[in-house]
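All remarks here apply to the structure that follows.
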Amino acid sequence: MAATGGPLPVVNDPDTAGHFEAAARGVLALCVCSKCATVLHLPRAYCFNCGSHDVEWRAFSGAATLYSWTVVERQLMAAFPAPNTVVVVQLDDAPSVHLIGQLPGRPELRASMPMRVTFDHLADGVVMPNWEVAGA
Ligand SMILES: [Zn+2]
């Protein structure tokens, strides 16, 4: 669900730029500790597990399961027409990570259903990972 005309994420922040640079290439990337492989989400400049400052961006599959969702019935911004559905997904290859997305309308959803990453092009150089039902 491309939120054209809506708020844009800051894509050049030192702590999060790798996520958005990867998204612009069609890759879902998360910050990972190079020493102990802990996934650092939310991304940060050091590892909360081992204290290392050696962190990197690694690609993940983009496969996930639906963790939760809610339907937004009242329109708050023109860029997000109501109804729309905000989803929370759990990554299959990083189960400690939950990411959010937004689907148009009121799709038929059930807990734990397979989801896959998509990429919304919001503006020049601004791409946001989003989610859709796998196989839809
Ligand atoms: Zn570490």
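Residues are referred to by chain and number: the chain letter is A, B, ... according to the order shown in the structure tokens, the number counts from 1 in that chain, and ligands are numbered separately from 1 in the order shown.
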Report as JSON lines: every residue of chain A with an atom at most 8 Å from ligand 1, its closest pair of atoms, and their distance in Å to one decimal, counting only C-alpha atoms and all ligand atoms, with rows sorted by chain and ascending residue number.
{"residue": "A:Val32", "atom": "CA", "partner": "ligand 1", "partner_atom_place_in_ligand_line": "1 (Zn)", "distance": 7.9}
{"residue": "A:Cys33", "atom": "CA", "partner": "ligand 1", "partner_atom_place_in_ligand_line": "1 (Zn)", "distance": 4.6}
{"residue": "A:Ser34", "atom": "CA", "partner": "ligand 1", "partner_atom_place_in_ligand_line": "1 (Zn)", "distance": 6.7}
{"residue": "A:Lys35", "atom": "CA", "partner": "ligand 1", "partner_atom_place_in_ligand_line": "1 (Zn)", "distance": 5.1}
{"residue": "A:Cys36", "atom": "CA", "partner": "ligand 1", "partner_atom_place_in_ligand_line": "1 (Zn)", "distance": 4.1}
{"residue": "A:Ala37", "atom": "CA", "partner": "ligand 1", "partner_atom_place_in_ligand_line": "1 (Zn)", "distance": 6.0}
{"residue": "A:Thr38", "atom": "CA", "partner": "ligand 1", "partner_atom_place_in_ligand_line": "1 (Zn)", "distance": 5.5}
{"residue": "A:Tyr46", "atom": "CA", "partner": "ligand 1", "partner_atom_place_in_ligand_line": "1 (Zn)", "distance": 7.7}
{"residue": "A:Cys47", "atom": "CA", "partner": "ligand 1", "partner_atom_place_in_ligand_line": "1 (Zn)", "distance": 4.6}
{"residue": "A:Phe48", "atom": "CA", "partner": "ligand 1", "partner_atom_place_in_ligand_line": "1 (Zn)", "distance": 6.7}
{"residue": "A:Asn49", "atom": "CA", "partner": "ligand 1", "partner_atom_place_in_ligand_line": "1 (Zn)", "distance": 5.0}
{"residue": "A:Cys50", "atom": "CA", "partner": "ligand 1", "partner_atom_place_in_ligand_line": "1 (Zn)", "distance": 4.1}
{"residue": "A:Gly51", "atom": "CA", "partner": "ligand 1", "partner_atom_place_in_ligand_line": "1 (Zn)", "distance": 6.0}
{"residue": "A:Ser52", "atom": "CA", "partner": "ligand 1", "partner_atom_place_in_ligand_line": "1 (Zn)", "distance": 5.4}
{"residue": "A:Asp54", "atom": "CA", "partner": "ligand 1", "partner_atom_place_in_ligand_line": "1 (Zn)", "distance": 7.9}
{"residue": "A:Val55", "atom": "CA", "partner": "ligand 1", "partner_atom_place_in_ligand_line": "1 (Zn)", "distance": 8.0}
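Every protein or nucleic acid residue with an atom no more than 12 Å from Pro7 in chain A, counting only C-alpha atoms and leaving out same-chain residues fewer than 5 positions away, appears here: Ala2, Met77, Ala78, Ala79, Phe80, Leu122, Ala123, Val126 and Met128 of chain A.
The smallest atom-to-atom distance between Ala134 in chain A and any of A:Val10, A:Ala17, A:Ala94, A:Ala64, using only C-alpha atoms, is found for A:Ala64.
Nearest-residue note for Glu56 in chain A: choosing from A:Ser68, A:Ser112, A:Thr16, A:Thr118, the minimum distance belongs to A:Thr16, counting only C-alpha atoms.
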(request) DSSP on the backbone, then: every residue of range 12-87 of chain A marked strand (DSSP E or B), written as a list in words. (result) Leu28, Ala29, Leu30, Cys31, Val32, Cys33, Val39, Val55, Glu56, Trp57, Arg58, Ala59, Phe60, Ala63, Ala64, Thr65, Leu66, Tyr67, Ser68, Trp69, Thr70, Val71, Val72, Asn84, Thr85, Val86 and Val87 of chain A
(request) Could you check which of A:Leu66, A:Leu76, A:Val87, A:Leu99 is closest to Leu30 in chain A, using only C-alpha atoms? (result) A:Leu99
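Taking CA of Pro104 in chain A and CA of Ala82 in chain A as the two end points, the separation is 7.9 Å.
Using only C-alpha atoms, the contacts of Val27 in chain A at a cut-off of 9 Å, with sequence neighbours closer than 2 positions omitted, comprise His19, Glu21, Ala22, Ala23, Ala24, Arg25, Ala29, Ala59, Phe60, Ser61, Gly62, Val117, Phe119 and Pro129 of chain A.
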Since we have the selection now, will you write its residues out, keeping C-alpha atoms, as a PDB file, in the first residue's frame?
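What follows is the written file selection25.pdb:
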ATOM      1  CA  HIS A  19      17.550  -0.805   5.956  1.00  0.00           C
ATOM      2  CA  GLU A  21      19.279   1.321   1.047  1.00  0.00           C
ATOM      3  CA  ALA A  22      18.543  -2.409   0.909  1.00  0.00           C
ATOM      4  CA  ALA A  23      14.804  -1.813   0.421  1.00  0.00           C
ATOM      5  CA  ALA A  24      15.600   0.388  -2.577  1.00  0.00           C
ATOM      6  CA  ARG A  25      17.310  -2.711  -4.069  1.00  0.00           C
ATOM      7  CA  ALA A  29      17.885  -6.122   5.525  1.00  0.00           C
ATOM      8  CA  ALA A  59      19.630  -9.726   3.928  1.00  0.00           C
ATOM      9  CA  PHE A  60      16.685 -11.737   5.220  1.00  0.00           C
ATOM     10  CA  SER A  61      14.259 -13.801   3.166  1.00  0.00           C
ATOM     11  CA  GLY A  62      11.206 -11.587   3.504  1.00  0.00           C
ATOM     12  CA  VAL A 117       7.654  -8.691   1.973  1.00  0.00           C
ATOM     13  CA  PHE A 119       8.401  -2.817  -1.369  1.00  0.00           C
ATOM     14  CA  PRO A 129       9.190  -2.579   3.084  1.00  0.00           C
TER      15      PRO A 129
END
(message) Run DSSP on the backbone and tell me which residues of chain A come out as alpha helix (DSSP H); list them as a PyMOL selection string.
(response) chain A and resi 17-24
Any chance you could export the current selection's N, CA and C atoms as a PDB file, in the first residue's frame?
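Output file selection.pdb follows:
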ATOM      1  N   ALA A  17      19.924   3.797   7.830  1.00  0.00           N
ATOM      2  CA  ALA A  17      20.066   3.967   6.382  1.00  0.00           C
ATOM      3  C   ALA A  17      20.231   2.624   5.662  1.00  0.00           C
ATOM      4  N   GLY A  18      20.928   1.673   6.265  1.00  0.00           N
ATOM      5  CA  GLY A  18      21.141   0.379   5.620  1.00  0.00           C
ATOM      6  C   GLY A  18      19.843  -0.348   5.310  1.00  0.00           C
ATOM      7  N   HIS A  19      18.864  -0.190   6.174  1.00  0.00           N
ATOM      8  CA  HIS A  19      17.550  -0.805   5.956  1.00  0.00           C
ATOM      9  C   HIS A  19      16.905  -0.242   4.695  1.00  0.00           C
ATOM     10  N   PHE A  20      16.959   1.070   4.545  1.00  0.00           N
ATOM     11  CA  PHE A  20      16.301   1.711   3.405  1.00  0.00           C
ATOM     12  C   PHE A  20      17.114   1.574   2.116  1.00  0.00           C
ATOM     13  N   GLU A  21      18.439   1.557   2.235  1.00  0.00           N
ATOM     14  CA  GLU A  21      19.279   1.321   1.047  1.00  0.00           C
ATOM     15  C   GLU A  21      18.997  -0.070   0.479  1.00  0.00           C
ATOM     16  N   ALA A  22      18.854  -1.053   1.362  1.00  0.00           N
ATOM     17  CA  ALA A  22      18.543  -2.409   0.909  1.00  0.00           C
ATOM     18  C   ALA A  22      17.142  -2.464   0.296  1.00  0.00           C
ATOM     19  N   ALA A  23      16.178  -1.807   0.939  1.00  0.00           N
ATOM     20  CA  ALA A  23      14.804  -1.813   0.421  1.00  0.00           C
ATOM     21  C   ALA A  23      14.760  -1.237  -0.987  1.00  0.00           C
ATOM     22  N   ALA A  24      15.569  -0.217  -1.241  1.00  0.00           N
ATOM     23  CA  ALA A  24      15.600   0.388  -2.577  1.00  0.00           C
ATOM     24  C   ALA A  24      16.113  -0.598  -3.623  1.00  0.00           C
TER      25      ALA A  24
END
(request) Excluding Glu73 in chain A and any residue of its chain fewer than 4 positions from it, enumerate the residues within 9 Å of it, using only C-alpha atoms, and give them as a VMD selection string. (result) chain A and resid 82 to 85
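With CA of Ile100 in chain A on one side and CA of Ala45 in chain A on the other, the separation reads 22.1 Å.
You can rank A:Gly135, A:Pro81, A:Pro43, A:Pro9 by their closest distance to Ala63 in chain A using only C-alpha atoms, and at the top of that list sits A:Gly135.
Atom pair CA of Gly125 in chain A / CA of Asp13 in chain A: separated by 13.8 Å.
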Extract, using only C-alpha atoms, all DNA, RNA and protein residues at most 12 Å from Val88 in chain A, discarding same-chain residues fewer than 3 positions from it, and format them as a PDB file with N, CA and C atoms, in the first residue's frame.
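Written output follows (out-v4.pdb):
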ATOM      1  N   ALA A  64       7.468 -14.308   6.301  1.00  0.00           N
ATOM      2  CA  ALA A  64       7.026 -13.985   7.654  1.00  0.00           C
ATOM      3  C   ALA A  64       5.687 -14.662   7.907  1.00  0.00           C
ATOM      4  N   THR A  65       5.246 -14.598   9.160  1.00  0.00           N
ATOM      5  CA  THR A  65       3.897 -15.039   9.500  1.00  0.00           C
ATOM      6  C   THR A  65       3.166 -13.879  10.160  1.00  0.00           C
ATOM      7  N   LEU A  66       1.864 -13.871   9.977  1.00  0.00           N
ATOM      8  CA  LEU A  66       1.053 -12.782  10.533  1.00  0.00           C
ATOM      9  C   LEU A  66       0.936 -12.974  12.039  1.00  0.00           C
ATOM     10  N   TYR A  67       1.368 -11.968  12.773  1.00  0.00           N
ATOM     11  CA  TYR A  67       1.360 -12.011  14.238  1.00  0.00           C
ATOM     12  C   TYR A  67       0.100 -11.356  14.799  1.00  0.00           C
ATOM     13  N   SER A  68      -0.260 -10.211  14.236  1.00  0.00           N
ATOM     14  CA  SER A  68      -1.461  -9.510  14.690  1.00  0.00           C
ATOM     15  C   SER A  68      -1.856  -8.478  13.632  1.00  0.00           C
ATOM     16  N   TRP A  69      -3.039  -7.920  13.785  1.00  0.00           N
ATOM     17  CA  TRP A  69      -3.493  -6.886  12.855  1.00  0.00           C
ATOM     18  C   TRP A  69      -4.655  -6.125  13.475  1.00  0.00           C
ATOM     19  N   THR A  70      -4.920  -4.949  12.901  1.00  0.00           N
ATOM     20  CA  THR A  70      -6.092  -4.177  13.287  1.00  0.00           C
ATOM     21  C   THR A  70      -6.577  -3.411  12.064  1.00  0.00           C
ATOM     22  N   VAL A  71      -7.875  -3.247  11.967  1.00  0.00           N
ATOM     23  CA  VAL A  71      -8.466  -2.508  10.850  1.00  0.00           C
ATOM     24  C   VAL A  71      -8.695  -1.067  11.284  1.00  0.00           C
ATOM     25  N   THR A  85      -5.684  -1.870   6.838  1.00  0.00           N
ATOM     26  CA  THR A  85      -5.363  -2.836   7.891  1.00  0.00           C
ATOM     27  C   THR A  85      -3.878  -2.759   8.209  1.00  0.00           C
ATOM     28  N   LEU A  91       9.168 -12.346  11.464  1.00  0.00           N
ATOM     29  CA  LEU A  91      10.013 -12.879  10.394  1.00  0.00           C
ATOM     30  C   LEU A  91      10.309 -14.356  10.623  1.00  0.00           C
ATOM     31  N   VAL A  97      12.099 -10.697  15.587  1.00  0.00           N
ATOM     32  CA  VAL A  97      11.806  -9.424  14.919  1.00  0.00           C
ATOM     33  C   VAL A  97      10.352  -9.395  14.452  1.00  0.00           C
ATOM     34  N   HIS A  98       9.671  -8.336  14.842  1.00  0.00           N
ATOM     35  CA  HIS A  98       8.319  -8.054  14.370  1.00  0.00           C
ATOM     36  C   HIS A  98       8.367  -6.734  13.608  1.00  0.00           C
ATOM     37  N   LEU A  99       7.785  -6.717  12.432  1.00  0.00           N
ATOM     38  CA  LEU A  99       7.741  -5.510  11.609  1.00  0.00           C
ATOM     39  C   LEU A  99       6.282  -5.203  11.278  1.00  0.00           C
ATOM     40  N   ILE A 100       6.003  -3.946  10.999  1.00  0.00           N
ATOM     41  CA  ILE A 100       4.634  -3.560  10.687  1.00  0.00           C
ATOM     42  C   ILE A 100       4.494  -3.264   9.201  1.00  0.00           C
ATOM     43  N   GLY A 101       3.267  -3.284   8.752  1.00  0.00           N
ATOM     44  CA  GLY A 101       2.944  -2.934   7.382  1.00  0.00           C
ATOM     45  C   GLY A 101       1.498  -2.496   7.334  1.00  0.00           C
ATOM     46  N   GLN A 102       1.050  -2.199   6.144  1.00  0.00           N
ATOM     47  CA  GLN A 102      -0.305  -1.694   5.982  1.00  0.00           C
ATOM     48  C   GLN A 102      -0.883  -2.236   4.685  1.00  0.00           C
ATOM     49  N   LEU A 103      -2.067  -2.838   4.782  1.00  0.00           N
ATOM     50  CA  LEU A 103      -2.749  -3.406   3.630  1.00  0.00           C
ATOM     51  C   LEU A 103      -3.998  -2.575   3.345  1.00  0.00           C
ATOM     52  N   LEU A 109      -7.937 -12.226   6.951  1.00  0.00           N
ATOM     53  CA  LEU A 109      -6.687 -12.598   7.600  1.00  0.00           C
ATOM     54  C   LEU A 109      -6.962 -13.610   8.697  1.00  0.00           C
ATOM     55  N   ALA A 111      -4.575 -15.527  12.077  1.00  0.00           N
ATOM     56  CA  ALA A 111      -3.294 -15.540  12.785  1.00  0.00           C
ATOM     57  C   ALA A 111      -2.386 -16.613  12.202  1.00  0.00           C
ATOM     58  N   SER A 112      -1.110 -16.293  12.113  1.00  0.00           N
ATOM     59  CA  SER A 112      -0.044 -17.199  11.664  1.00  0.00           C
ATOM     60  C   SER A 112      -0.077 -17.486  10.170  1.00  0.00           C
ATOM     61  N   MET A 113      -0.885 -16.798   9.415  1.00  0.00           N
ATOM     62  CA  MET A 113      -0.878 -17.039   7.970  1.00  0.00           C
ATOM     63  C   MET A 113       0.424 -16.528   7.356  1.00  0.00           C
ATOM     64  N   PRO A 114       0.904 -17.175   6.288  1.00  0.00           N
ATOM     65  CA  PRO A 114       2.165 -16.748   5.684  1.00  0.00           C
ATOM     66  C   PRO A 114       2.044 -15.401   4.988  1.00  0.00           C
ATOM     67  N   MET A 115       3.050 -14.585   5.185  1.00  0.00           N
ATOM     68  CA  MET A 115       3.140 -13.256   4.586  1.00  0.00           C
ATOM     69  C   MET A 115       4.485 -13.152   3.872  1.00  0.00           C
ATOM     70  N   ARG A 116       4.570 -12.215   2.964  1.00  0.00           N
ATOM     71  CA  ARG A 116       5.853 -11.971   2.306  1.00  0.00           C
ATOM     72  C   ARG A 116       6.051 -10.473   2.125  1.00  0.00           C
ATOM     73  N   VAL A 117       7.327 -10.103   2.074  1.00  0.00           N
ATOM     74  CA  VAL A 117       7.654  -8.691   1.973  1.00  0.00           C
ATOM     75  C   VAL A 117       7.339  -8.187   0.575  1.00  0.00           C
ATOM     76  N   ASN A 130       6.942  -3.444   2.989  1.00  0.00           N
ATOM     77  CA  ASN A 130       5.570  -3.623   3.415  1.00  0.00           C
ATOM     78  C   ASN A 130       5.272  -5.114   3.288  1.00  0.00           C
ATOM     79  N   TRP A 131       4.032  -5.529   3.498  1.00  0.00           N
ATOM     80  CA  TRP A 131       3.718  -6.955   3.549  1.00  0.00           C
ATOM     81  C   TRP A 131       2.450  -7.247   2.770  1.00  0.00           C
ATOM     82  N   GLU A 132       2.384  -8.484   2.300  1.00  0.00           N
ATOM     83  CA  GLU A 132       1.162  -8.974   1.664  1.00  0.00           C
ATOM     84  C   GLU A 132       1.018 -10.446   2.024  1.00  0.00           C
TER      85      GLU A 132
END
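With only C-alpha atoms as the atoms that count, the residue of A:Gly105, A:Gly26, A:Pro14, A:Gly6 with the shortest distance to Val72 in chain A is A:Gly105.
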